[in-house]
Structure formats: structure tokens, C-alpha cells
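For reference, input_22.txt is printed below; it contains compact mmCIF, C-alpha atoms.
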# COMPACT_ATOMS: atom_id res chain seq x y z
CA MET G 14 -33.95 1.85 -0.41
CA ALA G 15 -30.82 0.00 0.68
CA GLU G 16 -28.89 0.98 3.78
CA PHE G 17 -25.69 2.95 3.10
CA LEU G 18 -22.55 0.98 3.98
CA PHE G 19 -19.15 2.51 4.72
CA ILE G 20 -17.45 -0.32 2.79
CA THR G 21 -18.74 -1.71 -0.48
CA PRO G 22 -18.79 -5.46 -1.06
CA GLN G 23 -16.21 -4.99 -3.83
CA GLU G 24 -13.87 -3.09 -1.47
CA LEU G 25 -14.11 -5.89 1.09
CA LYS G 26 -13.43 -8.55 -1.54
CA SER G 27 -10.57 -6.75 -3.26
CA THR G 28 -8.65 -5.65 -0.13
CA THR G 29 -8.99 -8.71 2.13
CA ILE G 30 -8.78 -12.49 1.95
CA LEU G 31 -12.50 -12.72 1.19
CA GLY G 32 -12.91 -14.54 -2.10
CA GLY G 33 -14.26 -12.64 -5.07
CA ASN G 34 -16.91 -15.29 -5.73
CA VAL G 35 -18.50 -15.05 -2.25
CA ASP G 36 -22.12 -13.97 -2.59
CA GLN G 37 -22.40 -10.49 -1.07
CA ASP G 38 -25.75 -11.35 0.53
CA LYS G 39 -23.79 -13.64 2.84
CA PHE G 40 -21.73 -10.83 4.40
CA LEU G 41 -23.54 -7.49 3.87
CA PHE G 42 -25.21 -7.79 7.27
CA SER G 43 -21.76 -8.08 8.90
CA ILE G 44 -20.82 -4.66 7.52
CA ALA G 45 -24.14 -3.16 8.67
CA ASN G 46 -23.78 -4.69 12.14
CA VAL G 47 -20.24 -3.35 12.58
CA GLN G 48 -21.42 0.13 11.63
CA ILE G 49 -24.03 0.09 14.40
CA ILE G 50 -22.24 -1.97 17.06
CA THR G 51 -18.65 -0.78 16.67
CA ILE G 52 -18.52 2.47 14.69
CA GLN G 53 -21.54 4.19 16.27
CA ARG G 54 -20.28 3.28 19.73
CA LEU G 55 -16.79 4.54 18.87
CA LEU G 56 -17.96 7.87 17.42
CA GLY G 57 -21.13 8.47 19.41
CA THR G 58 -24.46 9.09 17.72
CA GLU G 59 -23.93 12.74 16.80
CA LEU G 60 -20.63 12.22 14.98
CA TYR G 61 -21.81 8.91 13.52
CA ASP G 62 -24.82 10.66 11.97
CA VAL G 63 -22.59 13.41 10.51
CA ILE G 64 -20.19 10.85 9.00
CA LEU G 65 -23.01 8.62 7.71
CA SER G 66 -24.93 11.42 6.01
CA GLY G 67 -21.74 13.01 4.63
CA ALA G 68 -20.40 9.72 3.29
CA GLU G 69 -23.73 8.85 1.72
CA ALA G 70 -23.91 12.27 0.02
CA ASP G 71 -20.18 12.13 -0.84
CA SER G 72 -19.78 15.54 0.82
CA LEU G 73 -17.24 14.89 3.60
CA THR G 74 -14.34 17.34 3.68
CA GLY G 75 -11.46 18.29 5.98
CA LEU G 76 -11.18 16.43 9.26
CA TYR G 77 -14.42 14.54 8.62
CA LEU G 78 -13.08 13.09 5.39
CA GLU G 79 -9.76 12.26 7.08
CA LEU G 80 -11.64 10.52 9.92
CA TYR G 81 -13.73 8.55 7.44
CA ASP G 82 -10.86 7.47 5.18
CA LYS G 83 -8.21 6.80 7.84
CA PHE G 84 -10.33 5.21 10.56
CA VAL G 85 -14.02 4.53 9.87
CA LYS G 86 -13.48 2.58 6.63
CA PRO G 87 -10.52 0.44 7.86
CA ILE G 88 -12.21 -0.37 11.18
CA THR G 89 -15.45 -1.28 9.41
CA LYS G 90 -13.66 -3.42 6.82
CA ASN G 91 -11.51 -5.40 9.24
CA GLN G 92 -14.13 -5.89 11.94
CA ALA G 93 -16.81 -6.89 9.39
CA LEU G 94 -14.46 -9.51 7.95
CA SER G 95 -13.65 -10.76 11.44
CA GLU G 96 -17.34 -11.17 12.19
CA TYR G 97 -18.05 -12.90 8.89
CA ILE G 98 -15.15 -15.36 9.28
CA LYS G 99 -16.77 -16.76 12.42
CA ILE G 100 -20.00 -17.69 10.63
CA SER G 101 -18.97 -18.06 7.00
CA SER G 102 -19.44 -21.82 6.76
CA TYR G 103 -22.97 -21.80 8.20
CA MET G 104 -26.28 -21.28 6.44
CA ILE G 105 -29.86 -21.34 7.65
CA THR G 106 -32.51 -22.25 5.09
CA ASN G 107 -36.09 -23.49 5.11
CA GLY G 108 -34.66 -26.98 5.54
CA GLY G 109 -32.70 -26.11 8.70
CA ALA G 110 -29.21 -25.02 9.70
CA PHE G 111 -26.25 -26.40 7.75
CA LYS G 112 -22.47 -26.24 7.73
CA HIS G 113 -21.00 -26.20 4.23
CA SER G 114 -17.74 -27.82 3.20
CA ALA G 115 -15.97 -27.96 -0.14
CA GLU G 116 -15.26 -31.36 -1.69
CA ASN G 117 -11.62 -30.66 -2.50
CA ALA G 118 -10.66 -28.66 0.61
CA VAL G 119 -9.87 -29.25 4.26
CA GLN G 120 -12.07 -27.38 6.73
CA MET G 121 -10.36 -25.16 9.27
CA THR G 122 -10.56 -26.10 12.93
CA ALA G 123 -12.45 -23.91 15.38
CA GLU G 124 -9.11 -22.68 16.74
CA GLU G 125 -7.90 -21.73 13.26
CA ILE G 126 -11.13 -19.88 12.51
CA SER G 127 -10.94 -18.07 15.83
CA GLY G 128 -7.29 -17.16 15.21
CA LEU G 129 -8.04 -15.80 11.74
CA SER G 130 -11.00 -13.82 13.06
CA ASP G 131 -8.86 -12.45 15.90
CA THR G 132 -6.23 -11.33 13.40
CA TYR G 133 -8.72 -9.04 11.69
CA SER G 134 -10.17 -7.86 15.02
CA GLY G 135 -6.63 -6.98 16.06
CA ILE G 136 -6.18 -4.92 12.91
CA ALA G 137 -9.44 -3.08 13.69
CA ASP G 138 -8.17 -2.51 17.24
CA THR G 139 -5.00 -0.96 15.85
CA TYR G 140 -7.06 1.57 13.92
CA ILE G 141 -9.20 2.25 17.00
CA GLY G 142 -6.04 3.07 18.97
CA ARG G 143 -4.80 5.34 16.20
CA PHE G 144 -8.20 7.04 16.10
CA ASP G 145 -7.96 7.83 19.80
CA LYS G 146 -4.51 9.38 19.35
CA TRP G 147 -5.75 11.31 16.30
CA LEU G 148 -8.55 12.77 18.43
CA CYS G 149 -5.94 14.19 20.82
CA HIS G 150 -4.72 16.43 17.97
CA ASN G 151 -7.99 17.23 16.21
CA ILE G 152 -11.15 18.77 17.57
CA ILE G 153 -14.41 17.42 16.19
CA PRO G 154 -17.36 19.27 17.79
CA GLU G 155 -19.78 16.33 17.37
CA TYR G 156 -17.48 13.92 19.22
CA LYS G 157 -18.91 13.83 22.74
CA MET G 158 -18.32 11.43 25.57
CA TRP G 159 -21.74 12.33 26.99
CA GLN G 160 -24.78 12.82 24.76
CA ASP G 161 -28.46 11.91 24.57
CA GLU G 162 -28.05 8.88 22.31
CA VAL G 163 -25.03 6.52 22.17
CA ASN G 164 -22.06 8.05 23.98
CA ALA G 165 -18.67 7.99 22.27
CA SER G 166 -16.54 5.31 23.93
CA LYS G 167 -13.12 3.74 23.72
CA SER G 168 -14.30 0.52 25.36
CA VAL G 169 -15.06 -1.09 22.01
CA SER G 170 -14.24 -4.78 22.40
CA ASN G 171 -13.26 -6.68 19.27
CA ARG G 172 -12.00 -9.94 20.82
CA SER G 173 -8.37 -10.12 19.68
CA GLY G 174 -6.23 -12.51 21.69
CA TRP G 175 -2.80 -10.86 21.97
CA PHE G 176 -1.69 -8.89 25.03
CA PHE G 177 0.90 -6.11 24.89
CA ASP G 178 0.73 -4.14 28.17
CA ARG G 179 -2.94 -3.34 27.48
CA PRO G 180 -5.33 -5.91 26.07
CA SER G 181 -5.35 -5.42 22.29
CA ASN G 182 -8.91 -6.66 22.07
CA ARG G 183 -10.41 -3.63 23.74
CA ILE G 184 -9.64 0.01 24.11
CA GLU G 185 -10.68 0.77 27.65
CA ASP G 186 -12.61 3.91 28.42
CA ARG G 187 -10.06 5.89 30.43
CA ARG G 188 -11.44 9.36 29.86
CA PHE G 189 -12.88 11.00 32.91
CA MET G 190 -15.19 13.95 33.43
CA ASP G 191 -12.22 16.28 34.01
CA GLY G 192 -10.91 15.38 30.54
CA ASN G 193 -7.68 13.59 31.50
CA ASP G 194 -6.59 10.65 29.41
CA GLU G 195 -4.75 8.27 31.73
CA TRP G 196 -2.85 6.19 29.18
CA SER G 197 -2.16 8.59 26.33
CA GLU G 198 0.99 10.66 26.30
CA TYR G 199 -1.20 13.60 25.33
CA SER G 200 -3.62 15.18 27.73
CA TYR G 201 -7.19 15.45 26.50
CA LYS G 202 -7.23 19.01 27.88
CA ASN G 203 -4.26 20.04 25.75
CA ARG G 204 -5.66 18.98 22.40
CA ARG G 205 -4.85 21.40 19.60
Taking this structure as input, can you express it in the form of C-alpha cells?
Amino acid sequence: MAEFLFITPQELKSTTILGGNVDQDKFLFSIANVQIITIQRLLGTELYDVILSGAEADSLTGLYLELYDKFVKPITKNQALSEYIKISSYMITNGGAFKHSAENAVQMTAEEISGLSDTYSGIADTYIGRFDKWLCHNIIPEYKMWQDEVNASKSVSNRSGWFFDRPSNRIEDRRFMDGNDEWSEYSYKNRR
């Protein structure tokens, strides 16, 4: 049985710059990796499991559906594309490792590839920041900073290169045991 993905290959192709003729086997692992590395770390294991099972069964409702549609899917989509951009021209086969190039196209430089990848990481970071603010207004019982498995964290690093007061490539973990949120205008204690 195939692993459930928050974003389908068709969604990734139709809503990003990824070409429609790109073989989905080349980028499916990027989506799966982002789910485990970025989304599970962002939500924590308990909430991740609730969202994963609810999305797979198409049974999410209320705040869980809002969380999934407004944050989980866009973060997964943009970060998966960012990860795939970095490796898209490489292939490993029985004959070795190769870098592909089209006959009638000019290959991007490493700086251009990095810049394009950072653009999509930055978009994912924007959604991560919005998710954190959304949490200040919505209580999700399974969202826990401290739990037995992977703790929920805001220190998800996506590698974007711009700097606006705070590094846009990571949302630093500023929540403390007493519940105060140092950088948000809303106090974690005063969530509705």
C-alpha cells in the first residue's frame, strides 16, 4: 500500500512551476520527506498523526480541516518543490550518477537553482509563521510542545536567504515552559 501524501503529484504540477510532464517518481519522495522532516516537526507527533489519519480518511472537520487546508498543504507543497528543485537535474542509475541537460535549453547556474529553491522555502516559511499566529487564536489539544515522540517546534529551518528583522529561513523556538511567546503580539497564555 502506498504512503498517503498531503499533496498529490497533480496538485504539485498544476499549482507550481513544476512541469506537467515531469515523472512523478522523480519527486514523490520529496513530498514524503517534507511530511516527516518539516510537517511532523512543526505539528508534533500527536497532532501529525491526527491530521494524517483524518486526511487519509477524508474525515477532517473544523479546526483540523482549517489547519490542513490553510497550512499543512501549502507548507508541504512549497517545501517539497524547494527540495526537488535542488536535485531535479540529477539521476542515479545502475550505470552511475548523471546530470541531465536538455539539448535546446540553457542550464541554470548553482546560484540560480539555489535562489529558486530559496523562493519556495521562503513561501513555506511564510505559511509556518501564519500557522504560529493561527495557533495563538485556536486551541488544538494534540498540539504539544512536550510529548513522548517528536515535540512540536517552531525551529523548522527551510533555508531561505532573505532577512527581515528575523531570519525568514527559520522560525525560532521562542516558547518557554511558562507559555510566553517572546516575539508574537499575542501571549500564548491568552489564547482564545
Select, from G:Asp71, G:Lys157, G:Ser101, G:Gln92, the residue with the minimum atom-to-atom distance to Asp36 (chain G), counting all atoms listed in the file.
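Once distances to Asp36 (chain G) are computed over all atoms listed in the file, the minimum belongs to G:Ser101.
Among the candidates G:Asn34, G:Ser72, G:Ser66, G:Thr89, the one nearest to Ile20 (chain G) when counting only C-alpha atoms is G:Thr89.
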Can you tell me, as number ranges by chain, which residues sit within 12 Å of (-19.0, -27.7, 6.4) in the file's frame, using only C-alpha atoms?
G: 100-104, 110-123
Can you pull out the residues contacting Tyr140 (chain G)? Cut-off 7 Å, using all atoms listed in the file, and skip same-chain residues under 4 positions away; I want them as a PyMOL selection string.
chain G and resi 84+88+136+144
Given all atoms listed in the file as the counted atoms, nearest of G:Thr58, G:Glu16, G:Leu76, G:Gly109 to His150 (chain G)
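Closest to His150 (chain G), using all atoms listed in the file: G:Leu76.
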Nearby residues (only C-alpha atoms) at most 10 Å from Gln160 (chain G), same-chain spacing under 4 positions excluded, as a ChimeraX atom specification:
/G:57-59,155-156,164-165
List every residue of region 80-159 of chain G that has an atom at most 9 Å from any atom of region 22-25 of chain G, giving for each one its closest atom pair and the distance in Å to one decimal, counting all atoms listed in the file, sorted by chain and then by ascending residue number, as a Markdown table.
| residue | atom | partner | partner_atom | distance |
| --- | --- | --- | --- | --- |
| G:Lys90 | CA | G:Leu25 | CA | 6.3 |
| G:Asn91 | CA | G:Leu25 | CA | 8.6 |
| G:Ala93 | CA | G:Leu25 | CA | 8.8 |
| G:Leu94 | CA | G:Leu25 | CA | 7.8 |
Could you please take those selected residues and save C-alpha atoms as a PDB file, keeping the file's coordinate frame?
ATOM      1  CA  LYS G  90     -13.660  -3.420   6.820  1.00  0.00           C
ATOM      2  CA  ASN G  91     -11.510  -5.400   9.240  1.00  0.00           C
ATOM      3  CA  ALA G  93     -16.810  -6.890   9.390  1.00  0.00           C
ATOM      4  CA  LEU G  94     -14.460  -9.510   7.950  1.00  0.00           C
TER       5      LEU G  94
END
Between G:Ile49, G:Leu80, G:Leu18, G:Leu41, smallest distance to Lys146 (chain G) by all atoms listed in the file belongs to G:Leu80
A straight line from CA of Ser95 (chain G) to CA of Val35 (chain G) spans 15.1 Å
Could you please determine the separation between CA of Tyr81 (chain G) and CA of Ile126 (chain G) in Å, to one decimal place?
29.0 Å
Rank nothing, just name the residue among G:Leu65, G:Ile153, G:Tyr97, G:Gly75 nearest to Asp38 (chain G), using all atoms listed in the file.
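Closest to Asp38 (chain G) of all the choices is G:Tyr97.
CA of Ile98 (chain G) lies 5.8 Å from CA of Ser130 (chain G).
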For Met158 (chain G), which of G:Ile44, G:Val63, G:Ala70, G:Leu55 is the closest residue, counting all atoms listed in the file?
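The shortest atom-to-atom distance to Met158 (chain G) comes from G:Leu55.
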